[in-house]
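Novice: My structure file protein-v5.cif, mmCIF, C-alpha atoms and all ligand atoms, is below:
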data_query
loop_
_atom_site.group_PDB
_atom_site.id
_atom_site.type_symbol
_atom_site.label_atom_id
_atom_site.label_comp_id
_atom_site.auth_asym_id
_atom_site.auth_seq_id
_atom_site.Cartn_x
_atom_site.Cartn_y
_atom_site.Cartn_z
ATOM 1 C CA MET K 1 0.000 0.000 0.000
ATOM 2 C CA GLY K 2 1.215 3.409 -0.983
ATOM 3 C CA THR K 3 4.819 2.369 -1.203
ATOM 4 C CA ILE K 4 5.610 4.257 -4.388
ATOM 5 C CA GLN K 5 7.829 7.254 -3.762
ATOM 6 C CA TRP K 6 6.959 9.957 -6.247
ATOM 7 C CA PHE K 7 10.022 11.967 -7.104
ATOM 8 C CA PRO K 8 9.929 14.349 -10.089
ATOM 9 C CA GLY K 9 11.761 11.817 -12.262
ATOM 10 C CA HIS K 10 9.222 9.139 -11.424
ATOM 11 C CA MET K 11 6.345 11.463 -12.186
ATOM 12 C CA ALA K 12 7.755 12.303 -15.594
ATOM 13 C CA LYS K 13 8.256 8.610 -16.312
ATOM 14 C CA ALA K 14 4.745 7.697 -15.136
ATOM 15 C CA ARG K 15 3.284 10.442 -17.256
ATOM 16 C CA ASN K 16 5.188 9.330 -20.342
ATOM 17 C CA GLN K 17 4.148 5.727 -19.848
ATOM 18 C CA VAL K 18 0.508 6.688 -19.545
ATOM 19 C CA GLN K 19 0.696 8.947 -22.574
ATOM 20 C CA GLU K 20 2.227 6.148 -24.663
ATOM 21 C CA LYS K 21 -0.561 3.791 -23.657
ATOM 22 C CA LEU K 22 -3.209 6.417 -24.260
ATOM 23 C CA LYS K 23 -2.328 6.339 -27.949
ATOM 24 C CA LEU K 24 -3.569 2.748 -28.026
ATOM 25 C CA VAL K 25 -6.994 3.244 -26.509
ATOM 26 C CA ASP K 26 -10.338 4.681 -27.550
ATOM 27 C CA LEU K 27 -11.444 5.647 -24.083
ATOM 28 C CA VAL K 28 -10.243 5.884 -20.499
ATOM 29 C CA LEU K 29 -11.618 4.501 -17.265
ATOM 30 C CA GLU K 30 -10.456 6.975 -14.651
ATOM 31 C CA VAL K 31 -10.721 5.191 -11.323
ATOM 32 C CA VAL K 32 -11.154 7.297 -8.187
ATOM 33 C CA ASP K 33 -12.108 6.574 -4.580
ATOM 34 C CA ALA K 34 -15.769 7.528 -4.108
ATOM 35 C CA ARG K 35 -14.987 8.796 -0.585
ATOM 36 C CA VAL K 36 -12.579 11.387 -2.003
ATOM 37 C CA PRO K 37 -13.379 11.716 -5.714
ATOM 38 C CA GLU K 38 -11.310 14.838 -6.277
ATOM 39 C CA ALA K 39 -8.539 14.286 -3.758
ATOM 40 C CA SER K 40 -7.888 10.860 -5.287
ATOM 41 C CA ARG K 41 -7.367 12.258 -8.784
ATOM 42 C CA ASN K 42 -4.024 13.014 -10.287
ATOM 43 C CA PRO K 43 -3.533 16.791 -10.476
ATOM 44 C CA MET K 44 -2.621 16.642 -14.178
ATOM 45 C CA MET K 45 -5.197 14.064 -15.212
ATOM 46 C CA ASN K 46 -7.165 16.333 -17.522
ATOM 47 C CA GLU K 47 -4.036 17.545 -19.229
ATOM 48 C CA ILE K 48 -2.700 14.016 -19.608
ATOM 49 C CA VAL K 49 -5.916 12.415 -20.835
ATOM 50 C CA GLY K 50 -6.866 15.345 -23.035
ATOM 51 C CA ALA K 51 -9.978 14.964 -25.151
ATOM 52 C CA LYS K 52 -10.059 11.156 -24.972
ATOM 53 C CA PRO K 53 -13.573 10.043 -23.942
ATOM 54 C CA ARG K 54 -13.649 9.178 -20.293
ATOM 55 C CA ILE K 55 -15.701 7.227 -17.800
ATOM 56 C CA MET K 56 -15.239 8.370 -14.217
ATOM 57 C CA VAL K 57 -15.349 5.196 -12.142
ATOM 58 C CA LEU K 58 -16.174 6.067 -8.542
ATOM 59 C CA ASN K 59 -14.958 2.904 -6.882
ATOM 60 C CA LYS K 60 -15.408 1.785 -3.251
ATOM 61 C CA LYS K 61 -19.009 2.912 -3.427
ATOM 62 C CA ASP K 62 -19.706 0.598 -0.492
ATOM 63 C CA LEU K 63 -17.591 2.834 1.767
ATOM 64 C CA ALA K 64 -18.976 6.167 0.535
ATOM 65 C CA ASP K 65 -22.025 8.276 1.419
ATOM 66 C CA PRO K 66 -24.636 7.375 -1.236
ATOM 67 C CA ALA K 67 -26.176 10.869 -1.392
ATOM 68 C CA LYS K 68 -22.796 12.485 -1.978
ATOM 69 C CA THR K 69 -21.865 9.831 -4.520
ATOM 70 C CA ALA K 70 -24.994 10.785 -6.459
ATOM 71 C CA GLN K 71 -23.894 14.440 -6.364
ATOM 72 C CA TRP K 72 -20.492 13.508 -7.733
ATOM 73 C CA ILE K 73 -22.009 11.465 -10.544
ATOM 74 C CA ASP K 74 -24.151 14.448 -11.554
ATOM 75 C CA TYR K 75 -21.155 16.731 -11.294
ATOM 76 C CA TYR K 76 -18.933 14.642 -13.558
ATOM 77 C CA ARG K 77 -21.752 14.254 -16.081
ATOM 78 C CA SER K 78 -22.173 18.020 -16.077
ATOM 79 C CA LEU K 79 -18.524 18.223 -17.108
ATOM 80 C CA GLY K 80 -19.180 15.938 -20.065
ATOM 81 C CA TYR K 81 -17.822 12.647 -18.718
ATOM 82 C CA GLU K 82 -19.690 9.444 -18.209
ATOM 83 C CA ALA K 83 -19.698 8.459 -14.556
ATOM 84 C CA ILE K 84 -20.576 5.368 -12.566
ATOM 85 C CA ALA K 85 -20.282 4.314 -8.944
ATOM 86 C CA ILE K 86 -19.198 0.736 -8.336
ATOM 87 C CA ASP K 87 -17.983 -1.606 -5.635
ATOM 88 C CA ALA K 88 -15.292 -3.567 -7.395
ATOM 89 C CA GLN K 89 -14.373 -5.514 -4.274
ATOM 90 C CA HIS K 90 -17.782 -7.139 -4.161
ATOM 91 C CA ALA K 91 -18.201 -7.094 -7.942
ATOM 92 C CA LYS K 92 -21.219 -4.798 -7.779
ATOM 93 C CA ARG K 93 -22.421 -3.030 -10.951
ATOM 94 C CA LEU K 94 -19.222 -3.723 -12.865
ATOM 95 C CA ASN K 95 -21.013 -5.178 -15.837
ATOM 96 C CA GLN K 96 -22.428 -1.724 -16.481
ATOM 97 C CA ILE K 97 -18.995 -0.468 -17.485
ATOM 98 C CA PRO K 98 -18.825 -2.235 -20.880
ATOM 99 C CA ALA K 99 -22.393 -1.100 -21.540
ATOM 100 C CA LEU K 100 -21.509 2.474 -20.656
ATOM 101 C CA ALA K 101 -18.405 2.316 -22.853
ATOM 102 C CA LYS K 102 -20.517 1.221 -25.820
ATOM 103 C CA GLN K 103 -22.979 4.006 -25.151
ATOM 104 C CA LEU K 104 -20.208 6.588 -24.909
ATOM 105 C CA MET K 105 -18.538 5.308 -28.085
ATOM 106 C CA ALA K 106 -21.703 4.666 -30.101
ATOM 107 C CA ALA K 107 -20.553 6.895 -32.965
ATOM 108 C CA LYS K 108 -17.247 5.064 -33.317
ATOM 109 C CA LEU K 109 -18.932 1.669 -33.214
ATOM 110 C CA ALA K 110 -21.424 2.782 -35.850
ATOM 111 C CA LYS K 111 -18.565 3.960 -38.053
ATOM 112 C CA GLN K 112 -16.853 0.584 -37.787
ATOM 113 C CA LYS K 113 -20.103 -1.151 -38.723
ATOM 114 C CA ALA K 114 -20.577 1.178 -41.681
ATOM 115 C CA ARG K 115 -17.113 0.176 -42.880
ATOM 116 C CA GLY K 116 -18.245 -3.432 -42.861
ATOM 117 C CA ILE K 117 -16.561 -4.515 -39.641
ATOM 118 C CA ARG K 118 -18.773 -7.251 -38.310
ATOM 119 C CA ASN K 119 -17.569 -7.201 -34.704
ATOM 120 C CA PRO K 120 -16.669 -3.631 -33.841
ATOM 121 C CA SER K 121 -14.309 -3.253 -30.916
ATOM 122 C CA LEU K 122 -13.274 -0.766 -28.294
ATOM 123 C CA ARG K 123 -10.067 -0.465 -26.357
ATOM 124 C CA ALA K 124 -9.765 1.135 -22.959
ATOM 125 C CA MET K 125 -7.344 1.471 -20.084
ATOM 126 C CA CYS K 126 -7.724 2.098 -16.360
ATOM 127 C CA ILE K 127 -5.865 5.078 -14.938
ATOM 128 C CA GLY K 128 -5.633 6.379 -11.399
ATOM 129 C CA ILE K 129 -3.509 6.998 -8.350
ATOM 130 C CA PRO K 130 -2.385 4.017 -6.224
ATOM 131 C CA ASN K 131 -4.941 2.172 -4.072
ATOM 132 C CA VAL K 132 -8.121 3.441 -5.691
ATOM 133 C CA GLY K 133 -8.829 -0.094 -6.891
ATOM 134 C CA LYS K 134 -7.582 -0.109 -10.483
ATOM 135 C CA SER K 135 -6.359 -3.715 -10.345
ATOM 136 C CA THR K 136 -9.520 -4.889 -8.636
ATOM 137 C CA VAL K 137 -11.644 -3.226 -11.315
ATOM 138 C CA LEU K 138 -9.510 -4.741 -14.067
ATOM 139 C CA ASN K 139 -9.580 -8.243 -12.639
ATOM 140 C CA ARG K 140 -13.297 -8.174 -12.014
ATOM 141 C CA LEU K 141 -14.086 -6.872 -15.498
ATOM 142 C CA ILE K 142 -12.154 -9.509 -17.340
ATOM 143 C CA LYS K 143 -14.055 -12.467 -18.643
ATOM 144 C CA LYS K 144 -11.285 -14.038 -20.647
ATOM 145 C CA ASN K 145 -7.630 -13.764 -19.865
ATOM 146 C CA VAL K 146 -6.824 -14.059 -23.521
ATOM 147 C CA ALA K 147 -4.533 -11.585 -25.132
ATOM 148 C CA VAL K 148 -6.197 -9.829 -28.038
ATOM 149 C CA THR K 149 -2.784 -9.533 -29.586
ATOM 150 C CA GLY K 150 -1.299 -6.251 -30.547
ATOM 151 C CA ASN K 151 -1.330 -6.684 -34.266
ATOM 152 C CA ARG K 152 -0.803 -3.026 -35.012
ATOM 153 C CA PRO K 153 2.860 -2.461 -35.819
ATOM 154 C CA GLY K 154 5.276 -0.840 -33.423
ATOM 155 C CA VAL K 155 3.523 0.564 -30.414
ATOM 156 C CA THR K 156 1.310 -2.339 -29.474
ATOM 157 C CA LYS K 157 4.191 -4.755 -29.118
ATOM 158 C CA ASN K 158 4.232 -6.387 -25.689
ATOM 159 C CA GLN K 159 0.871 -4.932 -24.772
ATOM 160 C CA GLN K 160 -1.689 -7.437 -23.655
ATOM 161 C CA TRP K 161 -5.353 -6.841 -24.150
ATOM 162 C CA LEU K 162 -7.944 -8.504 -21.992
ATOM 163 C CA LYS K 163 -11.526 -8.994 -23.046
ATOM 164 C CA THR K 164 -14.392 -7.841 -20.851
ATOM 165 C CA ASP K 165 -16.917 -8.925 -23.494
ATOM 166 C CA GLU K 166 -17.064 -9.255 -27.275
ATOM 167 C CA THR K 167 -16.592 -5.531 -27.774
ATOM 168 C CA LEU K 168 -14.541 -3.985 -24.987
ATOM 169 C CA SER K 169 -10.897 -4.898 -24.362
ATOM 170 C CA LEU K 170 -8.742 -3.488 -21.604
ATOM 171 C CA LEU K 171 -5.025 -2.928 -21.462
ATOM 172 C CA ASP K 172 -3.627 -5.532 -19.090
ATOM 173 C CA THR K 173 -1.878 -3.037 -16.815
ATOM 174 C CA PRO K 174 -3.405 0.127 -15.410
ATOM 175 C CA GLY K 175 -1.800 3.529 -15.732
ATOM 176 C CA ILE K 176 -0.545 4.686 -12.353
ATOM 177 C CA LEU K 177 -0.208 8.385 -11.616
ATOM 178 C CA TRP K 178 0.680 10.292 -8.470
ATOM 179 C CA PRO K 179 -1.760 11.904 -6.029
ATOM 180 C CA LYS K 180 -1.900 15.569 -5.046
ATOM 181 C CA PHE K 181 0.074 14.948 -1.891
ATOM 182 C CA ASP K 182 1.536 18.453 -1.785
ATOM 183 C CA ASP K 183 -1.750 19.912 -0.536
ATOM 184 C CA GLU K 184 -2.155 19.297 3.187
ATOM 185 C CA THR K 185 -5.946 18.903 3.303
ATOM 186 C CA ILE K 186 -5.869 16.573 0.347
ATOM 187 C CA GLY K 187 -3.062 14.633 1.997
ATOM 188 C CA MET K 188 -5.183 14.298 5.113
ATOM 189 C CA LYS K 189 -8.139 12.983 3.136
ATOM 190 C CA LEU K 190 -5.951 10.478 1.343
ATOM 191 C CA ALA K 191 -4.358 9.381 4.594
ATOM 192 C CA LEU K 192 -7.702 8.919 6.356
ATOM 193 C CA THR K 193 -9.008 6.766 3.508
ATOM 194 C CA GLY K 194 -5.769 4.796 3.329
ATOM 195 C CA ALA K 195 -4.793 5.920 -0.150
ATOM 196 C CA ILE K 196 -1.358 7.103 0.919
ATOM 197 C CA ALA K 197 1.106 5.517 3.278
ATOM 198 C CA ASP K 198 0.543 6.236 6.944
ATOM 199 C CA SER K 199 4.146 7.319 7.252
ATOM 200 C CA VAL K 200 3.498 10.397 5.124
ATOM 201 C CA PHE K 201 1.335 12.020 7.801
ATOM 202 C CA GLN K 202 1.277 12.070 11.564
ATOM 203 C CA GLU K 203 -1.561 9.839 12.706
ATOM 204 C CA ASP K 204 -2.594 12.310 15.411
ATOM 205 C CA THR K 205 -3.176 15.017 12.786
ATOM 206 C CA VAL K 206 -5.067 12.651 10.506
ATOM 207 C CA GLY K 207 -7.051 11.209 13.416
ATOM 208 C CA LEU K 208 -8.006 14.682 14.577
ATOM 209 C CA TYR K 209 -9.061 15.618 11.064
ATOM 210 C CA GLY K 210 -11.238 12.498 10.915
ATOM 211 C CA LEU K 211 -12.672 13.076 14.367
ATOM 212 C CA GLN K 212 -13.704 16.620 13.432
ATOM 213 C CA PHE K 213 -15.315 15.350 10.269
ATOM 214 C CA PHE K 214 -17.362 12.719 12.086
ATOM 215 C CA GLN K 215 -18.312 15.161 14.857
ATOM 216 C CA GLN K 216 -19.887 17.341 12.183
ATOM 217 C CA GLU K 217 -21.251 14.716 9.842
ATOM 218 C CA ALA K 218 -22.028 11.681 11.940
ATOM 219 C CA PRO K 219 -22.070 12.533 15.669
ATOM 220 C CA ASP K 220 -24.509 9.720 16.394
ATOM 221 C CA LYS K 221 -22.165 7.168 14.860
ATOM 222 C CA LEU K 222 -19.361 8.446 17.087
ATOM 223 C CA ARG K 223 -21.568 8.353 20.176
ATOM 224 C CA PHE K 224 -22.688 4.813 19.466
ATOM 225 C CA LEU K 225 -19.293 3.357 18.604
ATOM 226 C CA TYR K 226 -17.371 4.960 21.436
ATOM 227 C CA HIS K 227 -20.142 5.224 24.049
ATOM 228 C CA LEU K 228 -20.065 9.012 24.249
ATOM 229 C CA ASN K 229 -22.717 11.238 25.787
ATOM 230 C CA ALA K 230 -24.164 14.321 24.095
ATOM 231 C CA ASP K 231 -21.798 16.687 25.917
ATOM 232 C CA GLU K 232 -18.690 14.701 25.099
ATOM 233 C CA VAL K 233 -19.404 14.407 21.391
ATOM 234 C CA THR K 234 -19.551 18.201 21.006
ATOM 235 C CA LEU K 235 -16.255 18.884 22.804
ATOM 236 C CA PRO K 236 -13.475 20.510 20.775
ATOM 237 C CA ALA K 237 -11.888 17.661 18.827
ATOM 238 C CA HIS K 238 -8.581 17.660 20.690
ATOM 239 C CA GLU K 239 -10.406 17.445 24.032
ATOM 240 C CA LEU K 240 -12.643 14.698 22.739
ATOM 241 C CA MET K 241 -9.537 12.833 21.619
ATOM 242 C CA VAL K 242 -8.280 12.844 25.214
ATOM 243 C CA VAL K 243 -11.646 11.519 26.414
ATOM 244 C CA LEU K 244 -11.533 8.832 23.750
ATOM 245 C CA ALA K 245 -8.012 7.765 24.650
ATOM 246 C CA GLY K 246 -9.271 7.151 28.201
ATOM 247 C CA LYS K 247 -12.396 5.298 27.072
ATOM 248 C CA MET K 248 -10.404 3.140 24.704
ATOM 249 C CA GLY K 249 -8.098 2.089 27.519
ATOM 250 C CA PHE K 250 -5.104 3.950 26.124
ATOM 251 C CA GLY K 251 -4.723 6.233 29.157
ATOM 252 C CA ASP K 252 -3.393 9.536 27.929
ATOM 253 C CA ASN K 253 -2.007 8.080 24.729
ATOM 254 C CA TYR K 254 -3.631 10.448 22.292
ATOM 255 C CA ASN K 255 -1.833 8.922 19.289
ATOM 256 C CA ARG K 256 -3.268 5.476 19.879
ATOM 257 C CA ALA K 257 -6.776 6.951 20.046
ATOM 258 C CA ALA K 258 -6.104 8.765 16.767
ATOM 259 C CA GLU K 259 -4.837 5.541 15.217
ATOM 260 C CA ARG K 260 -7.963 3.707 16.333
ATOM 261 C CA ILE K 261 -10.245 6.339 14.817
ATOM 262 C CA ILE K 262 -8.399 6.083 11.502
ATOM 263 C CA PHE K 263 -8.643 2.309 11.619
ATOM 264 C CA ASP K 264 -12.350 2.330 12.496
ATOM 265 C CA ALA K 265 -13.146 4.901 9.799
ATOM 266 C CA ARG K 266 -11.359 2.849 7.143
ATOM 267 C CA GLN K 267 -13.163 -0.285 8.291
ATOM 268 C CA GLY K 268 -16.486 1.491 7.853
ATOM 269 C CA LYS K 269 -17.304 1.269 11.566
ATOM 270 C CA LEU K 270 -18.326 4.924 11.527
ATOM 271 C CA GLY K 271 -20.588 4.297 8.579
ATOM 272 C CA PRO K 272 -20.098 5.088 4.922
ATOM 273 C CA PHE K 273 -18.599 8.545 4.475
ATOM 274 C CA THR K 274 -17.441 10.975 1.807
ATOM 275 C CA LEU K 275 -14.991 13.708 2.705
ATOM 276 C CA GLU K 276 -15.785 16.172 -0.070
ATOM 277 C CA VAL K 277 -18.651 17.402 -2.207
ATOM 278 C CA PRO K 278 -18.424 19.015 -5.646
ATOM 279 C CA ASP K 279 -17.903 22.744 -5.338
ATOM 280 C CA GLY K 280 -18.225 23.662 -8.955
ATOM 281 C CA ASP K 281 -14.678 24.913 -9.349
ATOM 282 C CA ALA K 282 -12.813 21.670 -8.841
ATOM 283 C CA GLU K 283 -11.511 21.785 -12.404
HETATM 284 N N1 LIG F 301 -14.350 -1.735 0.165
HETATM 285 C C1 LIG F 301 -13.818 -1.784 -1.054
HETATM 286 N N2 LIG F 301 -12.515 -2.043 -1.192
HETATM 287 C C2 LIG F 301 -11.999 -2.084 -2.437
HETATM 288 C C3 LIG F 301 -12.794 -1.862 -3.591
HETATM 289 N N3 LIG F 301 -11.994 -1.963 -4.672
HETATM 290 C C4 LIG F 301 -10.756 -2.229 -4.230
HETATM 291 N N4 LIG F 301 -10.743 -2.300 -2.870
HETATM 292 C C5 LIG F 301 -9.581 -2.552 -2.010
HETATM 293 O O1 LIG F 301 -8.709 -1.444 -2.125
HETATM 294 C C6 LIG F 301 -7.349 -1.855 -2.047
HETATM 295 C C7 LIG F 301 -6.574 -1.371 -3.268
HETATM 296 O O2 LIG F 301 -7.063 -2.029 -4.416
HETATM 297 P P1 LIG F 301 -6.157 -2.267 -5.727
HETATM 298 O O3 LIG F 301 -7.028 -2.856 -6.787
HETATM 299 O O4 LIG F 301 -4.928 -2.992 -5.372
HETATM 300 O O5 LIG F 301 -5.805 -0.742 -6.080
HETATM 301 P P2 LIG F 301 -4.801 -0.183 -7.207
HETATM 302 O O6 LIG F 301 -3.535 0.191 -6.491
HETATM 303 O O7 LIG F 301 -5.492 1.028 -7.736
HETATM 304 O O8 LIG F 301 -4.606 -1.227 -8.241
HETATM 305 C C8 LIG F 301 -7.383 -3.379 -1.921
HETATM 306 O O9 LIG F 301 -7.281 -3.708 -0.562
HETATM 307 C C9 LIG F 301 -8.764 -3.737 -2.452
HETATM 308 O O10 LIG F 301 -9.241 -4.936 -1.899
HETATM 309 C C10 LIG F 301 -14.200 -1.573 -3.400
HETATM 310 O O11 LIG F 301 -14.979 -1.337 -4.325
HETATM 311 N N5 LIG F 301 -14.638 -1.557 -2.104
HETATM 312 MG MG MG F 302 -2.788 -2.196 -8.750
#
Could the structure of this file be written out as structure tokens, please?

Specialist:
Amino acid sequence: MGTIQWFPGHMAKARNQVQEKLKLVDLVLEVVDARVPEASRNPMMNEIVGAKPRIMVLNKKDLADPAKTAQWIDYYRSLGYEAIAIDAQHAKRLNQIPALAKQLMAAKLAKQKARGIRNPSLRAMCIGIPNVGKSTVLNRLIKKNVAVTGNRPGVTKNQQWLKTDETLSLLDTPGILWPKFDDETIGMKLALTGAIADSVFQEDTVGLYGLQFFQQEAPDKLRFLYHLNADEVTLPAHELMVVLAGKMGFGDNYNRAAERIIFDARQGKLGPFTLEVPDGDAE
């Protein structure tokens, strides 16, 4: 998890690799974490993908707030992308992706048919930052592990294509890009959801960030899970953290309480949650 160190040289290399692969595909599946749809996007994604048709795949739907997921879907559609929320882990709604791809690429498919191609085809690749679930999506989408060989000269050499159905093939390896870890709030969101290595942030800071979020958004969940009364749950977050450390049996070990909150949030023990809503100027 999150072990890739992104130095400028690695970013340039990752970008080049993705851009090479992009030449081979008709459309892109941009995989993001539905709990942090913007924070889990690569900062240069739009520039890198360009005008290539795109399906925003909001993965880990099972962990996210359904109402906010619906807002994000509307938001991405308003920007001209297709968008779908899925739970790749439990193979929920994945079969809608090939259908959506065909819908999005209807004009291209029609053109192929008009040229007399009996079985028109589409090629796509998954792109996203680490840990959003790219590999899980890929593996769950594939019906046949058969390479649809790269018979175009040059570029397609060594690329494997995997069939999701008769029409849609996927590049065998996803494109991996870096997260926006230079922004502190974004870093916090990614740390709380487990998208970046715990070592990047102090767990007490991340835990406090999470605690504040749940105090605002889901105080009842906090009360229930940690047996808090109405007065305790409205304490300033750092004071509540001290109370929690005591209740959890960690004495005055604030860090262990913070760690536990992070763990519980990631496990979904505080309910499904989404840390951000579309604000209209995200792009
Ligand atoms: N709860 C949940 N977990 C998921 C889902 N998709 C992937 N995961 C988990 O997220 C982690 C990262 O997934 P992986 O496919 O390796 O991400 P990648 O780095 O983008 O290829 C793994 O532990 C997966 O089991 C999902 O839809 N729901
Ligand atoms: Mg992977």

Novice: Quick one: everything within 9 Å of region 72-75 of chain K, counting all atoms listed in the file, minus sequence neighbours fewer than 2 positions away in the same chain. Send it as a tab-separated table (two decimals) with C-alpha atoms, keeping the file's coordinate frame.

Specialist:
chain	number	residue	atom	x	y	z
K	34	ALA	CA	-15.77	7.53	-4.11
K	37	PRO	CA	-13.38	11.72	-5.71
K	56	MET	CA	-15.24	8.37	-14.22
K	58	LEU	CA	-16.17	6.07	-8.54
K	67	ALA	CA	-26.18	10.87	-1.39
K	68	LYS	CA	-22.80	12.48	-1.98
K	69	THR	CA	-21.86	9.83	-4.52
K	70	ALA	CA	-24.99	10.78	-6.46
K	77	ARG	CA	-21.75	14.25	-16.08
K	78	SER	CA	-22.17	18.02	-16.08
K	79	LEU	CA	-18.52	18.22	-17.11
K	82	GLU	CA	-19.69	9.44	-18.21
K	83	ALA	CA	-19.70	8.46	-14.56
K	84	ILE	CA	-20.58	5.37	-12.57
K	85	ALA	CA	-20.28	4.31	-8.94
K	277	VAL	CA	-18.65	17.40	-2.21
K	278	PRO	CA	-18.42	19.02	-5.65
K	280	GLY	CA	-18.23	23.66	-8.96

Novice: How close does region 59-167 of chain K get to region 264-267 of chain K? List, as CSV, each residue of region 59-167 of chain K within 12 Å, its nearest atom pair and the distance in Å to one decimal, counting all atoms listed in the file.

Specialist:
residue,atom,partner,partner_atom,distance
K:Lys60,CA,K:Arg266,CA,11.2
K:Asp62,CA,K:Gln267,CA,11.0
K:Leu63,CA,K:Arg266,CA,8.2
K:Ala64,CA,K:Arg266,CA,10.6

Novice: Do you know which residues the PyMOL selection byres (((chain K and resi 50) around 12) and not hetatm) returns on this file, as a tab-separated table (two decimals) with C-alpha atoms, in the frame of the given file?

Specialist:
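Once everything was written out, this is selection.tsv:
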chain	number	residue	atom	x	y	z
K	18	VAL	CA	0.51	6.69	-19.55
K	19	GLN	CA	0.70	8.95	-22.57
K	22	LEU	CA	-3.21	6.42	-24.26
K	23	LYS	CA	-2.33	6.34	-27.95
K	27	LEU	CA	-11.44	5.65	-24.08
K	28	VAL	CA	-10.24	5.88	-20.50
K	44	MET	CA	-2.62	16.64	-14.18
K	45	MET	CA	-5.20	14.06	-15.21
K	46	ASN	CA	-7.16	16.33	-17.52
K	47	GLU	CA	-4.04	17.55	-19.23
K	48	ILE	CA	-2.70	14.02	-19.61
K	49	VAL	CA	-5.92	12.42	-20.84
K	51	ALA	CA	-9.98	14.96	-25.15
K	52	LYS	CA	-10.06	11.16	-24.97
K	53	PRO	CA	-13.57	10.04	-23.94
K	54	ARG	CA	-13.65	9.18	-20.29

Novice: Between K:Val31, K:Ala106, K:Ile186, K:Leu208, which one has atoms that come closest to ligand MG 302 (chain F), using all atoms listed in the file?

Specialist: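 Selected residue with least distance to ligand MG 302 (chain F): K:Val31.
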
Novice: Suppose a student applies the PyMOL selection byres (((not hetatm)) within 7 of (chain F and resi 302)) to this structure; what residues should they get, written as a list in words?

Specialist: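 On the file shown, the PyMOL selection byres (((not hetatm)) within 7 of (chain F and resi 302)) covers Pro130, Asn131, Gly133, Lys134 and Ser135 of chain K.
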
Novice: May I ask which of the residues K:Ile117, K:Ala88, K:Leu100, K:Leu211 is the closest one to ligand LIG 301 (chain F), counting all atoms listed in the file?

Specialist: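 Result for the nearest residue to ligand LIG 301 (chain F): K:Ala88.
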
Novice: Mind checking which residues fall within 12 Å of region 227-241 of chain K, counting only C-alpha atoms, ignoring those fewer than 2 positions away in the same chain, and posting them as an MDAnalysis selection string?

Specialist: chainID K and resid 204:225 243:248 250:261

Novice: Save out the residues we just selected, C-alpha atoms, as an mmCIF file, keeping the file's coordinate frame.

Specialist:
data_model
loop_
_atom_site.group_PDB
_atom_site.id
_atom_site.type_symbol
_atom_site.label_atom_id
_atom_site.label_comp_id
_atom_site.auth_asym_id
_atom_site.auth_seq_id
_atom_site.Cartn_x
_atom_site.Cartn_y
_atom_site.Cartn_z
ATOM 1 C CA ASP K 204 -2.594 12.310 15.411
ATOM 2 C CA THR K 205 -3.176 15.017 12.786
ATOM 3 C CA VAL K 206 -5.067 12.651 10.506
ATOM 4 C CA GLY K 207 -7.051 11.209 13.416
ATOM 5 C CA LEU K 208 -8.006 14.682 14.577
ATOM 6 C CA TYR K 209 -9.061 15.618 11.064
ATOM 7 C CA GLY K 210 -11.238 12.498 10.915
ATOM 8 C CA LEU K 211 -12.672 13.076 14.367
ATOM 9 C CA GLN K 212 -13.704 16.620 13.432
ATOM 10 C CA PHE K 213 -15.315 15.350 10.269
ATOM 11 C CA PHE K 214 -17.362 12.719 12.086
ATOM 12 C CA GLN K 215 -18.312 15.161 14.857
ATOM 13 C CA GLN K 216 -19.887 17.341 12.183
ATOM 14 C CA GLU K 217 -21.251 14.716 9.842
ATOM 15 C CA ALA K 218 -22.028 11.681 11.940
ATOM 16 C CA PRO K 219 -22.070 12.533 15.669
ATOM 17 C CA ASP K 220 -24.509 9.720 16.394
ATOM 18 C CA LYS K 221 -22.165 7.168 14.860
ATOM 19 C CA LEU K 222 -19.361 8.446 17.087
ATOM 20 C CA ARG K 223 -21.568 8.353 20.176
ATOM 21 C CA PHE K 224 -22.688 4.813 19.466
ATOM 22 C CA LEU K 225 -19.293 3.357 18.604
ATOM 23 C CA VAL K 243 -11.646 11.519 26.414
ATOM 24 C CA LEU K 244 -11.533 8.832 23.750
ATOM 25 C CA ALA K 245 -8.012 7.765 24.650
ATOM 26 C CA GLY K 246 -9.271 7.151 28.201
ATOM 27 C CA LYS K 247 -12.396 5.298 27.072
ATOM 28 C CA MET K 248 -10.404 3.140 24.704
ATOM 29 C CA PHE K 250 -5.104 3.950 26.124
ATOM 30 C CA GLY K 251 -4.723 6.233 29.157
ATOM 31 C CA ASP K 252 -3.393 9.536 27.929
ATOM 32 C CA ASN K 253 -2.007 8.080 24.729
ATOM 33 C CA TYR K 254 -3.631 10.448 22.292
ATOM 34 C CA ASN K 255 -1.833 8.922 19.289
ATOM 35 C CA ARG K 256 -3.268 5.476 19.879
ATOM 36 C CA ALA K 257 -6.776 6.951 20.046
ATOM 37 C CA ALA K 258 -6.104 8.765 16.767
ATOM 38 C CA GLU K 259 -4.837 5.541 15.217
ATOM 39 C CA ARG K 260 -7.963 3.707 16.333
ATOM 40 C CA ILE K 261 -10.245 6.339 14.817
#

Novice: Please, what distance in Å, to one decimal, runs between CA of Ile127 (chain K) and CA of Leu177 (chain K)?

Specialist: 7.3 Å

Novice: To one decimal place in Å, what is the distance between CA of Ile142 (chain K) and CA of Val25 (chain K)?

Specialist: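 Here the two named atoms are 16.5 Å from each other.
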
Novice: Can you give me, as a PyMOL selection string, the residues this file yields under the PyMOL selection byres (((chain K and resi 95) around 12) and not hetatm)?

Specialist: chain K and resi 84-88+91-94+96-102+137-138+140-143+164-165+168

Novice: Determine the nearest neighbour of ligand LIG 301 (chain F) from the options K:Gly268, K:Lys21, K:Asp26, K:Asn119, counting all atoms listed in the file.

Specialist: K:Gly268

Novice: Kindly compute an axis-aligned box around the listed atoms of ligand LIG 301 (chain F), allowing 5 Å on each side, and express its centre and edge lengths in Å to one decimal as lines of an AutoDock Vina configuration file.

Specialist:
center_x = -9.3
center_y = -2.0
center_z = -4.0
size_x = 21.4
size_y = 16.0
size_z = 18.4
